[in-house]
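File shown: run-v2.txt (compact mmCIF, C-alpha atoms).
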```txt
# COMPACT_ATOMS: atom_id res chain seq x y z
CA MET Y 1 0.00 0.00 0.00
CA GLN Y 2 1.26 3.40 -0.85
CA PHE Y 3 1.58 5.89 1.93
CA HIS Y 4 -0.93 8.61 1.20
CA THR Y 5 -0.58 11.93 2.86
CA PHE Y 6 -3.87 12.85 4.38
CA ASN Y 7 -3.81 16.41 3.08
CA GLU Y 8 -6.32 18.89 1.75
CA ALA Y 9 -6.28 17.36 -1.75
CA TYR Y 10 -6.90 13.85 -0.38
CA LEU Y 11 -9.74 15.14 1.78
CA GLU Y 12 -11.18 17.02 -1.18
CA ARG Y 13 -11.19 13.90 -3.34
CA LEU Y 14 -12.69 11.87 -0.53
CA CYS Y 15 -15.49 14.34 0.06
CA SER Y 16 -16.22 14.65 -3.64
CA GLY Y 17 -16.73 10.89 -3.89
CA ASP Y 18 -13.60 10.01 -5.86
CA PHE Y 19 -13.79 6.22 -6.09
CA ARG Y 20 -10.08 5.46 -5.91
CA THR Y 21 -9.63 7.69 -2.88
CA GLU Y 22 -12.66 6.20 -1.19
CA SER Y 23 -11.35 2.69 -1.89
CA HIS Y 24 -8.00 3.54 -0.39
CA PHE Y 25 -9.57 5.18 2.61
CA VAL Y 26 -11.92 2.28 3.33
CA ALA Y 27 -9.22 -0.36 2.81
CA TYR Y 28 -6.73 1.50 4.96
CA PHE Y 29 -8.98 2.25 7.91
CA SER Y 30 -11.02 -0.96 7.74
CA GLU Y 31 -8.10 -3.01 8.96
CA LEU Y 32 -7.34 -0.58 11.78
CA ILE Y 33 -10.97 -0.41 12.81
CA GLN Y 34 -11.29 -4.19 12.71
CA LEU Y 35 -8.17 -4.58 14.84
CA LYS Y 36 -9.54 -2.20 17.37
CA LEU Y 37 -13.03 -3.70 17.36
CA ARG Y 38 -11.83 -7.30 17.56
CA SER Y 39 -10.04 -6.60 20.79
CA ARG Y 40 -13.33 -5.46 22.26
CA VAL Y 41 -16.11 -7.31 20.45
CA ASN Y 42 -16.34 -11.08 20.11
CA SER Y 43 -18.71 -11.48 17.21
CA SER Y 44 -17.33 -10.97 13.72
CA HIS Y 45 -20.83 -10.02 12.55
CA THR Y 46 -20.92 -7.27 15.14
CA VAL Y 47 -17.46 -6.14 14.14
CA GLU Y 48 -18.61 -5.88 10.54
CA ASP Y 49 -21.81 -4.05 11.50
CA LEU Y 50 -19.87 -1.60 13.61
CA ARG Y 51 -17.26 -1.09 10.90
CA GLN Y 52 -19.96 -0.20 8.40
CA GLU Y 53 -21.62 2.11 10.88
CA ILE Y 54 -18.31 3.87 11.47
CA PHE Y 55 -17.78 4.51 7.75
CA VAL Y 56 -21.36 5.71 7.32
CA ARG Y 57 -20.83 8.23 10.08
CA VAL Y 58 -17.36 9.25 8.88
CA PHE Y 59 -18.54 9.88 5.31
CA ALA Y 60 -21.64 11.68 6.57
CA ALA Y 61 -19.51 13.92 8.76
CA LEU Y 62 -16.95 14.58 6.01
CA ARG Y 63 -19.64 15.60 3.53
CA SER Y 64 -21.59 17.73 5.97
CA GLU Y 65 -21.23 21.47 6.08
CA GLY Y 66 -19.00 21.58 9.16
CA ARG Y 67 -16.60 19.03 7.83
CA LEU Y 68 -13.12 18.20 9.11
CA ARG Y 69 -10.93 21.28 9.09
CA GLN Y 70 -7.57 19.54 9.62
CA PRO Y 71 -6.94 16.84 7.00
CA GLU Y 72 -3.84 15.61 8.82
CA ARG Y 73 -6.14 14.67 11.72
CA LEU Y 74 -8.19 12.32 9.54
CA GLY Y 75 -6.93 9.23 11.37
CA ALA Y 76 -7.67 10.71 14.75
CA PHE Y 77 -11.13 11.65 13.50
CA VAL Y 78 -11.86 8.07 12.35
CA ASN Y 79 -10.62 6.80 15.71
CA SER Y 80 -12.92 9.14 17.57
CA VAL Y 81 -15.92 8.03 15.49
CA CYS Y 82 -14.89 4.44 16.21
CA ASN Y 83 -14.82 5.21 19.94
CA ASN Y 84 -18.27 6.77 19.78
CA VAL Y 85 -19.75 3.84 17.88
CA LEU Y 86 -18.15 1.39 20.30
CA LEU Y 87 -19.51 3.33 23.26
CA GLU Y 88 -23.00 3.23 21.82
CA HIS Y 89 -22.57 -0.47 21.14
CA TYR Y 90 -21.58 -1.09 24.78
CA ARG Y 91 -24.61 0.80 26.00
CA SER Y 92 -27.01 -1.03 23.74
CA SER Y 93 -25.46 -4.46 24.27
CA SER Y 94 -25.64 -4.08 28.06
CA ARG Y 95 -29.38 -4.00 27.66
CA GLU Y 96 -29.34 -7.10 25.44
CA SER Y 97 -28.12 -10.63 25.99
CA PRO Y 98 -24.42 -11.09 25.33
CA MET Y 99 -23.59 -12.33 21.88
CA GLU Y 100 -22.11 -15.71 21.29
CA ASP Y 101 -18.73 -16.10 19.78
CA ASP Y 102 -18.96 -16.35 16.08
CA ALA Y 103 -17.79 -19.66 14.82
CA SER Y 104 -17.35 -18.32 11.33
CA ALA Y 105 -14.79 -15.74 12.41
CA ASN Y 106 -12.03 -17.29 10.42
CA VAL Y 107 -14.05 -18.33 7.39
CA PRO Y 108 -12.80 -16.44 4.35
CA ASP Y 109 -15.14 -13.89 2.95
CA PRO Y 110 -16.94 -15.56 0.02
CA SER Y 111 -16.98 -12.26 -1.80
CA LEU Y 112 -13.19 -12.22 -2.07
CA ASP Y 113 -12.12 -11.76 -5.66
CA VAL Y 114 -9.39 -13.68 -7.43
CA VAL Y 115 -6.72 -11.08 -6.66
CA ALA Y 116 -7.62 -11.15 -2.99
CA ILE Y 117 -7.52 -14.94 -2.92
CA LEU Y 118 -4.13 -15.01 -4.64
CA SER Y 119 -2.87 -12.32 -2.34
CA HIS Y 120 -4.15 -14.29 0.63
CA LYS Y 121 -2.36 -17.39 -0.63
CA GLU Y 122 0.88 -15.53 -1.23
CA MET Y 123 0.84 -14.05 2.23
CA GLU Y 124 0.13 -17.43 3.74
CA GLN Y 125 3.02 -18.88 1.77
CA ARG Y 126 5.32 -16.13 2.99
CA VAL Y 127 4.22 -16.72 6.59
CA ARG Y 128 4.98 -20.40 6.07
CA GLN Y 129 8.48 -19.48 4.90
CA VAL Y 130 8.99 -17.11 7.81
CA LEU Y 131 7.90 -19.78 10.26
CA ASP Y 132 10.00 -22.42 8.55
CA GLU Y 133 13.06 -20.26 9.06
CA LEU Y 134 12.46 -20.25 12.80
CA SER Y 135 13.87 -22.86 15.09
CA GLU Y 136 11.60 -25.68 16.13
CA ARG Y 137 11.43 -24.19 19.61
CA ASP Y 138 10.36 -20.76 18.35
CA ARG Y 139 7.73 -22.33 16.13
CA ARG Y 140 6.29 -24.23 19.07
CA LEU Y 141 6.43 -21.08 21.15
CA LEU Y 142 4.36 -19.13 18.62
CA ARG Y 143 2.03 -22.07 18.18
CA GLU Y 144 1.24 -22.16 21.88
CA ILE Y 145 0.77 -18.39 22.03
CA PHE Y 146 -1.28 -17.77 18.89
CA LEU Y 147 -2.96 -21.04 18.09
CA GLU Y 148 -3.48 -22.62 21.45
CA GLU Y 149 -3.80 -19.21 23.11
CA ARG Y 150 -2.13 -20.44 26.27
CA ASP Y 151 -1.25 -18.06 29.04
CA LYS Y 152 1.84 -16.20 27.86
CA ASP Y 153 3.60 -16.22 31.19
CA ALA Y 154 3.16 -19.96 31.47
CA VAL Y 155 4.41 -20.51 27.94
CA CYS Y 156 7.45 -18.31 28.52
CA ARG Y 157 8.17 -20.20 31.72
CA ASP Y 158 7.87 -23.54 29.94
CA PHE Y 159 10.25 -22.45 27.21
CA GLY Y 160 12.64 -20.72 29.58
CA VAL Y 161 12.31 -17.32 27.91
CA ASP Y 162 11.01 -13.95 29.00
CA ARG Y 163 8.37 -11.72 27.47
CA ASP Y 164 11.01 -9.61 25.75
CA TYR Y 165 12.14 -12.70 23.86
CA LEU Y 166 8.59 -13.21 22.67
CA ARG Y 167 8.27 -9.59 21.53
CA VAL Y 168 11.56 -9.69 19.65
CA LEU Y 169 10.59 -12.99 18.04
CA LEU Y 170 7.32 -11.48 16.86
CA HIS Y 171 9.07 -8.30 15.75
CA ARG Y 172 11.57 -10.21 13.59
CA ALA Y 173 8.91 -12.41 12.03
CA LYS Y 174 6.80 -9.34 11.34
CA GLN Y 175 9.71 -7.52 9.70
CA ALA Y 176 10.41 -10.54 7.50
CA PHE Y 177 6.78 -10.70 6.46
CA LYS Y 178 6.17 -6.96 5.98
CA ALA Y 179 7.44 -6.60 2.41
CA VAL Y 180 5.11 -9.28 1.08
CA TYR Y 181 2.26 -7.85 3.09
CA LEU Y 182 2.87 -4.37 1.69
CA LYS Y 183 3.02 -5.66 -1.88
CA ASN Y 184 -0.19 -7.64 -1.52
CA ILE Y 185 -2.29 -4.99 0.08
CA SER Y 186 -1.21 -2.57 -2.65
CA ALA Y 187 -2.34 -5.07 -5.28
CA GLY Y 188 -5.57 -5.57 -3.38
CA ILE Y 189 -6.34 -1.89 -3.35
CA ARG Y 190 -5.53 -1.48 -7.05
CA SER Y 191 -7.81 -4.41 -7.82
CA THR Y 192 -10.64 -2.95 -5.73
CA ALA Y 193 -10.26 0.44 -7.35
CA ALA Y 194 -10.21 -1.05 -10.85
CA SER Y 195 -13.34 -3.16 -10.37
CA MET X 1 1.82 8.48 22.60
CA ASP X 2 4.14 9.65 19.84
CA HIS X 3 6.01 7.59 17.28
CA SER X 4 9.34 7.38 19.08
CA GLU X 5 7.61 6.29 22.26
CA SER X 6 5.68 3.59 20.43
CA ILE X 7 8.94 2.31 18.93
CA ARG X 8 10.70 2.41 22.26
CA LEU X 9 7.88 0.55 23.96
CA MET X 10 7.61 -2.00 21.11
CA ALA X 11 3.98 -0.97 21.25
CA ALA X 12 3.01 -2.77 18.04
CA GLU X 13 4.32 -6.09 19.35
CA LYS X 14 2.75 -5.56 22.76
CA TYR X 15 -0.55 -4.60 21.12
CA LEU X 16 -0.55 -7.79 19.04
CA LEU X 17 0.34 -9.86 22.10
CA GLY X 18 -2.34 -8.11 24.19
CA GLU X 19 0.25 -6.84 26.65
CA LEU X 20 -0.69 -3.17 26.77
CA THR X 21 -2.67 -1.79 29.66
CA PRO X 22 -6.11 -0.44 28.65
CA GLU X 23 -4.79 3.11 28.89
CA LEU X 24 -1.71 2.42 26.76
CA GLN X 25 -3.85 0.46 24.33
CA GLU X 26 -6.13 3.47 23.87
CA GLN X 27 -3.13 5.73 23.44
CA PHE X 28 -1.46 3.46 20.93
CA GLU X 29 -4.67 3.06 18.93
CA GLU X 30 -5.04 6.79 18.84
CA HIS X 31 -1.46 6.97 17.59
CA PHE X 32 -1.62 4.32 14.87
CA PHE X 33 -4.83 5.76 13.47
CA ASP X 34 -2.74 8.85 12.90
CA CYS X 35 0.65 7.28 12.05
CA GLN X 36 0.83 5.33 8.83
CA GLU X 37 4.12 3.69 9.76
CA CYS X 38 2.80 2.27 13.00
CA ALA X 39 -0.47 1.41 11.28
CA LEU X 40 1.46 -0.66 8.75
CA ASP X 41 3.38 -2.32 11.56
CA VAL X 42 0.22 -3.32 13.36
CA ARG X 43 -1.59 -4.44 10.24
CA ALA X 44 1.34 -6.53 9.01
CA GLY X 45 1.74 -8.03 12.47
CA ALA X 46 -1.96 -8.85 12.70
CA ALA X 47 -1.88 -10.47 9.25
CA LEU X 48 1.17 -12.47 10.29
CA VAL X 49 -0.60 -13.69 13.42
CA GLU X 50 -3.74 -14.64 11.49
CA HIS X 51 -1.84 -16.54 8.81
CA SER X 52 0.38 -18.12 11.44
CA LYS X 53 -2.69 -19.65 13.05
CA VAL X 54 -3.52 -21.35 9.78
CA VAL X 55 0.04 -22.47 9.09
CA LEU X 56 0.74 -23.63 12.62
CA SER X 57 -2.50 -25.61 12.73
CA GLU X 58 -1.35 -27.69 9.78
CA PRO X 59 -0.14 -31.12 10.77
CA VAL X 60 3.59 -31.21 11.03
CA VAL X 61 4.90 -33.32 8.23
CA VAL X 62 7.94 -35.06 9.51
CA SER X 63 9.80 -35.98 6.42
CA LYS X 64 11.01 -39.48 7.03
CA PRO X 65 14.35 -40.06 5.47
CA VAL X 66 13.72 -42.08 2.38
CA PRO X 67 15.58 -45.33 2.84
CA VAL X 68 18.24 -45.46 0.22
CA PRO X 69 18.43 -48.97 -1.10
CA ALA X 70 21.84 -50.36 -0.46
CA LYS X 71 23.80 -50.76 -3.59
CA PRO X 72 23.47 -54.43 -4.48
CA VAL X 73 27.11 -54.79 -5.31
CA ARG X 74 27.68 -58.00 -3.41
CA SER X 75 24.37 -59.51 -4.32
CA ALA X 76 24.95 -58.72 -7.99
CA TRP X 77 28.28 -60.51 -7.90
CA PHE X 78 26.74 -63.45 -6.17
CA ARG X 79 23.81 -63.86 -8.52
CA PRO X 80 23.66 -67.47 -9.78
CA ALA X 81 23.62 -66.28 -13.38
CA PHE X 82 27.08 -64.81 -12.83
CA ILE X 83 28.67 -66.91 -10.14
CA VAL X 84 27.89 -70.37 -11.55
CA PRO X 85 29.75 -69.90 -14.87
CA VAL X 86 32.64 -68.21 -13.06
CA LEU X 87 32.98 -71.08 -10.59
CA ALA X 88 32.75 -73.57 -13.43
CA ALA X 89 35.51 -71.77 -15.34
CA LEU X 90 37.69 -71.65 -12.23
CA LEU X 91 37.11 -75.33 -11.70
CA VAL X 92 38.27 -76.08 -15.26
CA VAL X 93 41.42 -73.94 -14.79
CA VAL X 94 42.28 -75.55 -11.45
CA GLY X 95 41.67 -79.00 -12.89
CA TYR X 96 43.86 -78.31 -15.93
CA GLN X 97 46.67 -77.00 -13.75
CA ASN X 98 46.54 -79.96 -11.43
CA LEU X 99 46.16 -82.61 -14.11
CA VAL X 100 48.33 -81.20 -16.90
CA THR X 101 50.49 -78.18 -16.07
CA TYR X 102 51.88 -79.10 -12.66
CA PRO X 103 52.80 -82.72 -13.60
CA GLN X 104 54.58 -81.42 -16.68
CA LEU X 105 56.49 -78.86 -14.61
CA LYS X 106 57.31 -81.46 -12.02
CA GLN X 107 58.51 -83.82 -14.69
CA ALA X 108 60.61 -81.10 -16.29
CA MET X 109 62.16 -80.24 -12.94
CA ASN X 110 63.08 -83.79 -12.25
CA SER X 111 64.46 -84.45 -15.72
CA PRO X 112 68.03 -83.62 -16.67
CA GLN X 113 68.29 -80.70 -19.04
CA ILE X 114 70.99 -79.78 -21.45
CA LEU X 115 71.50 -76.05 -21.47
CA PRO X 116 74.12 -73.77 -22.98
CA TRP X 117 76.74 -72.38 -20.71
CA ALA X 118 79.66 -70.03 -20.64
CA SER X 119 82.66 -69.83 -18.39
CA ILE X 120 83.94 -66.71 -16.67
CA ASN X 121 87.19 -66.51 -14.80
CA VAL X 122 87.01 -63.77 -12.26
CA SER X 123 90.72 -63.39 -12.04
CA THR X 124 91.00 -62.66 -15.76
CA ARG X 125 90.65 -58.98 -16.49
CA GLY X 126 90.20 -58.35 -20.16
CA THR X 127 87.91 -57.09 -22.81
CA ASN X 128 86.93 -60.47 -24.17
CA THR X 129 83.25 -61.04 -24.43
CA THR X 130 81.81 -64.45 -23.75
CA GLN X 131 79.27 -65.55 -26.29
CA ILE X 132 76.31 -67.84 -25.70
CA SER X 133 73.40 -68.85 -27.93
CA PRO X 134 70.37 -70.20 -26.05
CA ARG X 135 67.06 -70.99 -27.77
CA ALA X 136 64.18 -68.66 -27.33
CA GLY X 137 62.76 -69.06 -23.83
CA GLU X 138 65.63 -71.26 -22.78
CA GLY X 139 67.92 -70.33 -19.89
CA PHE X 140 71.67 -70.71 -19.69
CA HIS X 141 74.38 -71.22 -17.13
CA LEU X 142 77.36 -69.06 -16.30
CA LEU X 143 80.16 -70.95 -14.66
CA VAL X 144 82.06 -68.43 -12.60
CA ASN X 145 85.50 -69.43 -11.42
CA ILE X 146 86.55 -67.54 -8.33
CA PRO X 147 90.21 -67.79 -7.21
CA PRO X 148 90.78 -68.43 -3.52
CA GLU X 149 91.13 -65.15 -1.74
CA SER X 150 91.30 -65.38 2.03
CA ARG X 151 90.40 -61.78 2.73
CA TYR X 152 86.89 -62.07 1.19
CA THR X 153 84.18 -63.65 3.23
CA SER X 154 81.50 -63.34 0.52
CA TYR X 155 81.01 -62.42 -3.09
CA THR X 156 78.28 -60.39 -4.72
CA PHE X 157 77.13 -61.03 -8.31
CA ASN X 158 75.15 -58.35 -10.16
CA LEU X 159 73.74 -59.24 -13.56
CA SER X 160 72.61 -56.38 -15.80
CA SER X 161 70.57 -56.80 -18.98
CA PRO X 162 71.62 -55.38 -22.37
CA SER X 163 69.48 -52.31 -21.60
CA GLY X 164 71.54 -51.72 -18.41
CA ARG X 165 68.78 -52.75 -16.02
CA LEU X 166 69.90 -54.78 -13.00
CA GLU X 167 68.34 -58.22 -13.52
CA TRP X 168 69.28 -59.64 -10.18
CA SER X 169 71.86 -59.44 -7.40
CA ARG X 170 73.03 -62.26 -5.17
CA THR X 171 75.61 -62.52 -2.41
CA VAL X 172 77.13 -65.90 -1.63
CA PRO X 173 79.60 -66.85 1.11
CA ALA X 174 83.19 -67.53 0.11
CA ALA X 175 84.33 -71.17 0.06
CA ALA X 176 87.52 -72.37 1.66
CA SER X 177 89.20 -73.50 -1.57
CA ASP X 178 89.20 -72.68 -5.24
CA GLU X 179 85.68 -72.93 -6.46
CA ALA X 180 83.38 -72.55 -9.43
CA ARG X 181 79.92 -71.18 -9.10
CA SER X 182 77.11 -71.86 -11.52
CA ILE X 183 74.71 -69.03 -12.13
CA TYR X 184 71.52 -69.98 -13.92
CA VAL X 185 70.02 -67.21 -16.02
CA PRO X 186 66.37 -68.05 -16.74
CA GLY X 187 65.04 -67.85 -20.27
CA ALA X 188 61.88 -65.93 -19.51
CA ASN X 189 62.06 -62.26 -20.54
CA GLN X 190 65.51 -62.86 -21.90
CA GLU X 191 66.84 -60.16 -24.20
CA GLN X 192 69.25 -60.50 -27.06
CA GLY X 193 72.41 -58.45 -26.53
CA THR X 194 75.27 -58.11 -24.12
CA TYR X 195 74.67 -58.87 -20.47
CA THR X 196 77.14 -57.70 -17.85
CA LEU X 197 78.12 -59.63 -14.76
CA ALA X 198 79.77 -57.55 -12.04
CA VAL X 199 81.58 -59.43 -9.25
CA ARG X 200 82.53 -57.86 -5.95
CA GLY X 201 84.38 -59.31 -2.99
CA ASN X 202 83.24 -58.43 0.52
CA THR X 203 85.48 -58.50 3.59
CA ALA X 204 84.50 -59.26 7.17
CA ALA X 205 85.08 -55.58 7.98
CA GLY X 206 82.31 -54.63 5.55
CA GLU X 207 84.59 -53.39 2.79
CA SER X 208 83.67 -54.24 -0.79
CA SER X 209 86.06 -54.47 -3.76
CA ASP X 210 85.26 -54.60 -7.43
CA LEU X 211 86.69 -57.84 -8.82
CA GLY X 212 85.66 -57.30 -12.41
CA HIS X 213 82.94 -56.74 -15.02
CA TYR X 214 82.34 -59.47 -17.58
CA SER X 215 80.36 -59.23 -20.75
CA ILE X 216 78.17 -62.08 -21.99
CA GLU X 217 76.76 -61.69 -25.45
CA VAL X 218 73.50 -63.55 -25.73
CA GLN X 219 72.34 -64.49 -29.23
CA ILE X 220 68.94 -66.05 -29.04
CA GLN X 221 68.36 -68.81 -31.57
CA LYS X 222 65.16 -68.57 -33.55
```

Go ahead and render the structure in this file as structure tokens.
Amino acid sequence: MQFHTFNEAYLERLCSGDFRTESHFVAYFSELIQLKLRSRVNSSHTVEDLRQEIFVRVFAALRSEGRLRQPERLGAFVNSVCNNVLLEHYRSSSRESPMEDDASANVPDPSLDVVAILSHKEMEQRVRQVLDELSERDRRLLREIFLEERDKDAVCRDFGVDRDYLRVLLHRAKQAFKAVYLKNISAGIRSTAAS
Amino acid sequence: MDHSESIRLMAAEKYLLGELTPELQEQFEEHFFDCQECALDVRAGAALVEHSKVVLSEPVVVSKPVPVPAKPVRSAWFRPAFIVPVLAALLVVVGYQNLVTYPQLKQAMNSPQILPWASINVSTRGTNTTQISPRAGEGFHLLVNIPPESRYTSYTFNLSSPSGRLEWSRTVPAAASDEARSIYVPGANQEQGTYTLAVRGNTAAGESSDLGHYSIEVQIQK
């Protein structure tokens, strides 16, 4: 993904309904919003509903008369809308029964296009390579943390490492994976914009 | 939280590992919504974690070392199709040697043979060349007359071929009286030309004296 400067021109294109700019904006902030929502909401359906609600409100606010005055604060603005939507969700969900965990959380979106599927496969392949380059111990460590979701302190104790080791391990794996990730999300955005 | 603080704190890694306090989490989220570099870090990290779950859930394929079939060198040699004819051929050779060759050799050894010979007097120093004409493949004798010489305890005979190569070398103890020694030169690999016999006398003190070089011209009969 290209780094776009959130400046006056970008904001102008976004408010005027420029499709490519809108596609970039939605793709860029969707992932951030989803990350933030997933740490607070269990259901993937709810995450998706909230994400859509956030974009509806953001676009409505941007196109209203008293729109955002500081384009460089676009990210902070989206975050604040996200906070508001989450707050409203907490209030409404406290009056309703808690939602069950969604079993389909990891099911790929059936609407994914060919480019997205290929991109997904390439990223998975790269992750496989990154993990293959790790020692057997580090692979097992990550497996117990991410897949089995064991208590991190207990895992670190079992493997005789500290939390810093875990962070550095993740940092290195992430750095090794980042180039492929960047390439694939750029292709994904181009594909979305072209369709 | 600013960018340098998020880097210093390894905030992206802590966020992905769920290690940030609620306050720091809020602060970091506020930051990465505004910082594209940190946003990329978090997104790439989250994608890595998601894909890792898929990859790590795959059954570990332990690649068993493919057994390399031992080279059937021995078994190939010992296949009946090969070994039976070889053993049969060996049996024929051994049988022929025992029944034909060895009896003939034994008979030849025990039979008197008439061979050409030449005489060499060690005391005679001269340029005369002794001539001898054996048949092809036939050996000959050199009768070497050694005068009694009390100071030598042994004699050494060196025979060189016409090409100058040392054919053999022998040392024999000295006899008490005048004596003649017979040296048999075998016929195998015999060359036509002039052989040289060098005789040396050896004392008890380890000194060695050249007693003479004698030429033997061998003319092989066709």

TODO: Could you please tell me, as a ChimeraX atom specification, which residues of chain Y have an atom within 6 Å of chain X when using only C-alpha atoms?
DONE: /Y:75-76,124,143,147,167,174,178

Open item on the list: Taking only C-alpha atoms into account, name the residue in X:Leu197, X:Val218, X:Ala205, X:Leu142 that is nearest to X:Ser154.
Closed with: X:Ala205

- [ ] May I ask which of the residues Y:Leu14, Y:Ala27, Y:Leu32, Y:Leu118 is the closest one to Y:Phe59, counting only C-alpha atoms?
- [x]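 With only C-alpha atoms as the atom set, the closest residue is Y:Leu14.
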
Task: Distance in Å - atom CA of Y:Ser39 versus atom CA of Y:Phe77 - done: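 If I compute the distance from atom CA of Y:Ser39 to atom CA of Y:Phe77, I get 19.7 Å.
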
Adding 8 Å on each side of the box along x, y and z that holds all listed atoms of stretch 74-86 of chain X, could you give its centre and edge lengths in Å to one decimal, as AutoDock Vina command-line options?
```
--center_x 28.1 --center_y -64.2 --center_z -9.1 --size_x 25.0 --size_y 28.4 --size_z 27.5
```

Task: Test item: residues at most 10 Å from X:Tyr152, only C-alpha atoms, excluding those fewer than 4 positions along its chain, as a list in words - done: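 Once the nearby chain positions are removed, what remains is Pro148, Pro173, Ala174, Ala175, Arg200, Gly201, Asn202, Thr203, Ala204, Ala205, Gly206, Glu207, Ser208 and Ser209 of chain X.
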
- [ ] Could you give me, as a VMD selection string, the residues that sit within 9 Å of (73.4, -63.3, -7.3) in the file's coordinates, counting all atoms listed in the file?
- [x] chain X and resid 155 to 159 168 to 172 183

Open item on the list: What's the separation between atom CA of Y:Arg63 and atom CA of Y:Glu8, in Å to one decimal place?
Closed with: 13.8 Å
